[in-house]
>>> print(open('query_33.cif').read())   # mmCIF, C-alpha atoms
data_model
#
loop_
_atom_site.group_PDB
_atom_site.id
_atom_site.type_symbol
_atom_site.label_atom_id
_atom_site.label_comp_id
_atom_site.auth_asym_id
_atom_site.auth_seq_id
_atom_site.Cartn_x
_atom_site.Cartn_y
_atom_site.Cartn_z
ATOM 1 C CA GLY A 939 -0.440 -9.398 -12.390
ATOM 2 C CA ARG A 940 1.372 -8.428 -15.574
ATOM 3 C CA LEU A 941 3.995 -10.258 -17.609
ATOM 4 C CA ASN A 942 5.513 -8.584 -20.665
ATOM 5 C CA SER A 943 2.839 -5.868 -20.376
ATOM 6 C CA LYS A 944 0.062 -8.456 -20.617
ATOM 7 C CA GLU A 945 -2.333 -9.236 -17.787
ATOM 8 C CA PHE A 946 -2.454 -12.659 -16.182
ATOM 9 C CA THR A 947 -4.343 -14.349 -13.355
ATOM 10 C CA LEU A 948 -3.575 -17.525 -11.489
ATOM 11 C CA LYS A 949 -6.105 -19.129 -9.176
ATOM 12 C CA ARG A 950 -5.316 -22.085 -6.984
ATOM 13 C CA LYS A 951 -7.928 -23.835 -4.894
ATOM 14 C CA LYS A 952 -7.147 -26.700 -2.577
ATOM 15 C CA GLY A 953 -9.933 -28.691 -1.028
ATOM 16 C CA ALA A 954 -9.827 -31.701 1.253
ATOM 17 C CA SER A 955 -9.868 -34.174 -1.633
ATOM 18 C CA SER A 956 -9.271 -32.119 -4.762
ATOM 19 C CA GLY A 957 -7.849 -28.896 -6.094
ATOM 20 C CA SER A 958 -7.883 -26.699 -9.147
ATOM 21 C CA LEU A 959 -5.522 -24.384 -10.953
ATOM 22 C CA THR A 960 -6.614 -21.850 -13.559
ATOM 23 C CA PHE A 961 -4.307 -19.726 -15.705
ATOM 24 C CA ASN A 962 -5.464 -16.764 -17.793
ATOM 25 C CA TYR A 963 -2.992 -14.770 -19.884
ATOM 26 C CA ASP A 964 -3.699 -11.796 -22.132
ATOM 27 C CA GLY A 965 -7.445 -12.460 -22.010
ATOM 28 C CA SER A 966 -7.150 -16.167 -22.891
ATOM 29 C CA ASP A 967 -7.913 -19.074 -20.581
ATOM 30 C CA LEU A 968 -4.854 -21.317 -20.849
ATOM 31 C CA THR A 969 -5.980 -23.799 -18.188
ATOM 32 C CA LEU A 970 -5.254 -27.381 -19.260
ATOM 33 C CA GLN A 971 -6.953 -30.676 -18.356
ATOM 34 C CA SER A 972 -4.817 -31.457 -15.343
ATOM 35 C CA LEU A 973 -3.209 -29.460 -12.550
ATOM 36 C CA LYS A 974 0.158 -30.904 -13.529
ATOM 37 C CA ASP A 975 -0.152 -29.836 -17.177
ATOM 38 C CA THR A 976 -1.327 -26.354 -16.204
ATOM 39 C CA GLN A 977 1.605 -26.024 -13.783
ATOM 40 C CA ILE A 978 4.047 -27.076 -16.525
ATOM 41 C CA LEU A 979 2.577 -24.409 -18.814
ATOM 42 C CA ILE A 980 2.846 -21.765 -16.062
ATOM 43 C CA ASP A 981 6.466 -22.753 -15.517
ATOM 44 C CA GLU A 982 7.109 -22.319 -19.250
ATOM 45 C CA TYR A 983 5.691 -18.802 -19.133
ATOM 46 C CA PHE A 984 7.237 -17.673 -15.857
ATOM 47 C CA GLY A 985 10.111 -20.012 -15.055
ATOM 48 C CA THR A 986 11.106 -20.477 -11.428
ATOM 49 C CA THR A 987 10.803 -16.767 -10.606
ATOM 50 C CA LEU A 988 7.045 -16.849 -10.157
ATOM 51 C CA THR A 989 7.051 -20.181 -8.364
ATOM 52 C CA ARG A 990 9.560 -18.930 -5.790
ATOM 53 C CA SER A 991 7.796 -15.565 -5.482
ATOM 54 C CA ILE A 992 4.465 -17.225 -4.806
ATOM 55 C CA PHE A 993 6.029 -19.671 -2.378
ATOM 56 C CA HIS A 994 7.665 -16.906 -0.350
ATOM 57 C CA GLY A 995 4.591 -14.714 -0.646
ATOM 58 C CA GLN A 996 2.262 -17.340 0.790
ATOM 59 C CA HIS A 997 4.427 -18.173 3.791
ATOM 60 C CA ALA A 998 5.965 -16.088 6.516
ATOM 61 C CA LEU A 999 8.746 -14.110 4.898
ATOM 62 C CA ASP A 1000 10.399 -13.943 8.303
ATOM 63 C CA GLY A 1001 11.558 -17.512 7.765
ATOM 64 C CA LEU A 1002 13.571 -16.515 4.714
ATOM 65 C CA LEU A 1003 14.893 -13.315 6.246
ATOM 66 C CA GLU A 1004 15.951 -15.081 9.435
ATOM 67 C CA THR A 1005 18.015 -17.714 7.623
ATOM 68 C CA THR A 1006 21.760 -17.737 7.407
ATOM 69 C CA ASP A 1007 23.457 -15.621 4.762
ATOM 70 C CA ALA A 1008 24.388 -18.769 2.832
ATOM 71 C CA LYS A 1009 20.787 -20.092 2.829
ATOM 72 C CA PHE A 1010 19.410 -16.689 1.822
ATOM 73 C CA LYS A 1011 21.865 -16.472 -1.084
ATOM 74 C CA GLU A 1012 20.991 -20.024 -2.123
ATOM 75 C CA GLU A 1013 17.281 -19.146 -2.317
ATOM 76 C CA LEU A 1014 18.052 -15.837 -4.003
ATOM 77 C CA SER A 1015 20.153 -17.596 -6.642
ATOM 78 C CA HIS A 1016 16.946 -19.243 -7.926
ATOM 79 C CA LEU A 1017 15.501 -15.809 -8.672
ATOM 80 C CA LEU A 1018 18.481 -13.869 -9.999
ATOM 81 C CA SER A 1019 22.165 -14.126 -10.666
ATOM 82 C CA LEU A 1020 24.321 -13.719 -7.574
ATOM 83 C CA ASP A 1021 26.426 -11.247 -9.581
ATOM 84 C CA ILE A 1022 23.395 -8.962 -9.636
ATOM 85 C CA TRP A 1023 22.952 -9.451 -5.870
ATOM 86 C CA GLN A 1024 26.604 -8.602 -5.229
ATOM 87 C CA GLN A 1025 26.438 -5.525 -7.470
ATOM 88 C CA ALA A 1026 23.288 -4.363 -5.691
ATOM 89 C CA THR A 1027 24.909 -4.918 -2.286
ATOM 90 C CA THR A 1028 28.005 -2.953 -3.300
ATOM 91 C CA HIS A 1029 25.858 -0.142 -4.699
ATOM 92 C CA ALA A 1030 23.670 -0.056 -1.568
ATOM 93 C CA ARG A 1031 26.683 0.126 0.750
ATOM 94 C CA SER A 1032 28.223 2.901 -1.322
ATOM 95 C CA LYS A 1033 24.948 4.813 -1.320
ATOM 96 C CA GLN A 1034 24.638 4.307 2.448
ATOM 97 C CA ARG A 1035 28.122 5.768 3.043
ATOM 98 C CA GLU A 1036 27.282 8.714 0.782
ATOM 99 C CA MET A 1037 24.028 9.357 2.624
ATOM 100 C CA MET A 1038 25.710 9.085 6.033
ATOM 101 C CA ARG A 1039 28.235 11.745 4.941
ATOM 102 C CA GLU A 1040 25.349 13.946 3.829
ATOM 103 C CA VAL A 1041 23.573 13.431 7.174
ATOM 104 C CA ALA A 1042 26.744 14.386 9.071
ATOM 105 C CA LYS A 1043 27.097 17.499 6.901
ATOM 106 C CA LEU A 1044 23.482 18.503 7.527
ATOM 107 C CA ASP A 1045 23.817 17.814 11.271
ATOM 108 C CA GLY A 1046 26.784 20.189 11.315
ATOM 109 C CA MET A 1047 24.821 22.855 9.486
ATOM 110 C CA ILE A 1048 21.905 22.463 11.903
ATOM 111 C CA ALA A 1049 24.256 22.821 14.877
ATOM 112 C CA LEU A 1050 25.676 26.061 13.415
ATOM 113 C CA ARG A 1051 22.201 27.453 12.723
ATOM 114 C CA MET A 1052 21.149 26.569 16.289
ATOM 115 C CA GLN A 1053 24.142 28.552 17.602
ATOM 116 C CA ASP A 1054 23.168 31.450 15.341
ATOM 117 C CA LEU A 1055 19.616 31.253 16.684
ATOM 118 C CA GLU A 1056 20.832 31.300 20.296
ATOM 119 C CA GLN A 1057 22.990 34.370 19.596
ATOM 120 C CA ALA A 1058 20.103 36.131 17.860
ATOM 121 C CA GLU A 1059 17.779 35.355 20.791
ATOM 122 C CA LYS A 1060 20.375 36.745 23.247
ATOM 123 C CA LYS A 1061 20.687 39.921 21.177
ATOM 124 C CA LEU A 1062 16.915 40.236 21.083
ATOM 125 C CA THR A 1063 16.637 39.767 24.838
ATOM 126 C CA THR A 1064 19.408 42.321 25.439
ATOM 127 C CA ALA A 1065 17.785 44.828 23.067
ATOM 128 C CA LYS A 1066 14.473 44.735 24.951
#
>>> encode(input="query_33.cif", output="structure tokens")
Amino acid sequence: GRLNSKEFTLKRKKGASSGSLTFNYDGSDLTLQSLKDTQILIDEYFGTTLTRSIFHGQHALDGLLETTDAKFKEELSHLLSLDIWQQATTHARSKQREMMREVAKLDGMIALRMQDLEQAEKKLTTAK
């Protein structure tokens, strides 16, 4: 991935009795002696955003999407301010209404053009 326009890689391996975690950022191996120390360093670089993103990315997203609105907002609040979520929701609803009006307008225009086509076909048939 990329963070602040710099490439990074994270590799986690979990075996039956041991595991490993490697962290490379901007061409440097920042892996520390222990998994715990490396995870602390990753958290310093990325905060909770990456941790939550990885967690939801590795598990069925359906579980998150099928939760209650309150639970979804609680999880979302770890990633971004709920003010941003509310602004995005308001904007999306407004855009949806605008697009629905446009669809209705276009449907009306199509209906008129279909009537015009029928009349033209009748004229053509009559002219033959």
>>> resolve_selection(input="query_33.cif", expression="the PyMOL selection byres ((chain A and resi 953-959) around 12)", output="list of chain:residue names")
A:Thr947, A:Leu948, A:Lys949, A:Arg950, A:Lys951, A:Lys952, A:Thr960, A:Phe961, A:Asn962, A:Asp967, A:Leu968, A:Thr969, A:Leu970, A:Gln971, A:Ser972, A:Leu973, A:Lys974, A:Asp975, A:Thr976, A:Gln977, A:Ile978, A:Leu979, A:Ile980
>>> residues_near_point(input="query_33.cif", point="(8.2, -15.3, -20.2)", cutoff="8 Å", atoms="all atoms listed in the file", output="list in words")
Leu941, Asn942, Glu982, Tyr983, Phe984 and Gly985 of chain A
>>> atom_distance(input="query_33.cif", atom1="atom CA of A:Thr1006", atom2="atom CA of A:Ile1022")
19.2 Å
>>> atom_distance(input="query_33.cif", atom1="atom CA of A:Val1041", atom2="atom CA of A:Gln1025")
24.1 Å
>>> atom_distance(input="query_33.cif", atom1="atom CA of A:Ser1032", atom2="atom CA of A:Lys1011")
20.4 Å
>>> closest_residue(input="query_33.cif", among="A:Ser1015, A:Gln1034, A:Thr1027, A:Ser943", to="A:Tyr963", atoms="all atoms listed in the file")
A:Ser943
>>> axis_aligned_box(input="query_33.cif", around="stretch 1052-1063 of chain A", padding_each_side="6 Å", output="lines of an AutoDock Vina configuration file")
center_x = 20.4
center_y = 33.4
center_z = 20.1
size_x = 19.5
size_y = 25.7
size_z = 21.5
>>> closest_residue(input="query_33.cif", among="A:Asp1054, A:Arg1035, A:Phe1010, A:Lys1060", to="A:Trp1023", atoms="all atoms listed in the file")
A:Phe1010
>>> residues_around(input="query_33.cif", residues="A:Gly965", least_positions_apart="4", cutoff="9 Å", atoms="only C-alpha atoms", output="ChimeraX atom specification")
/A:944-946
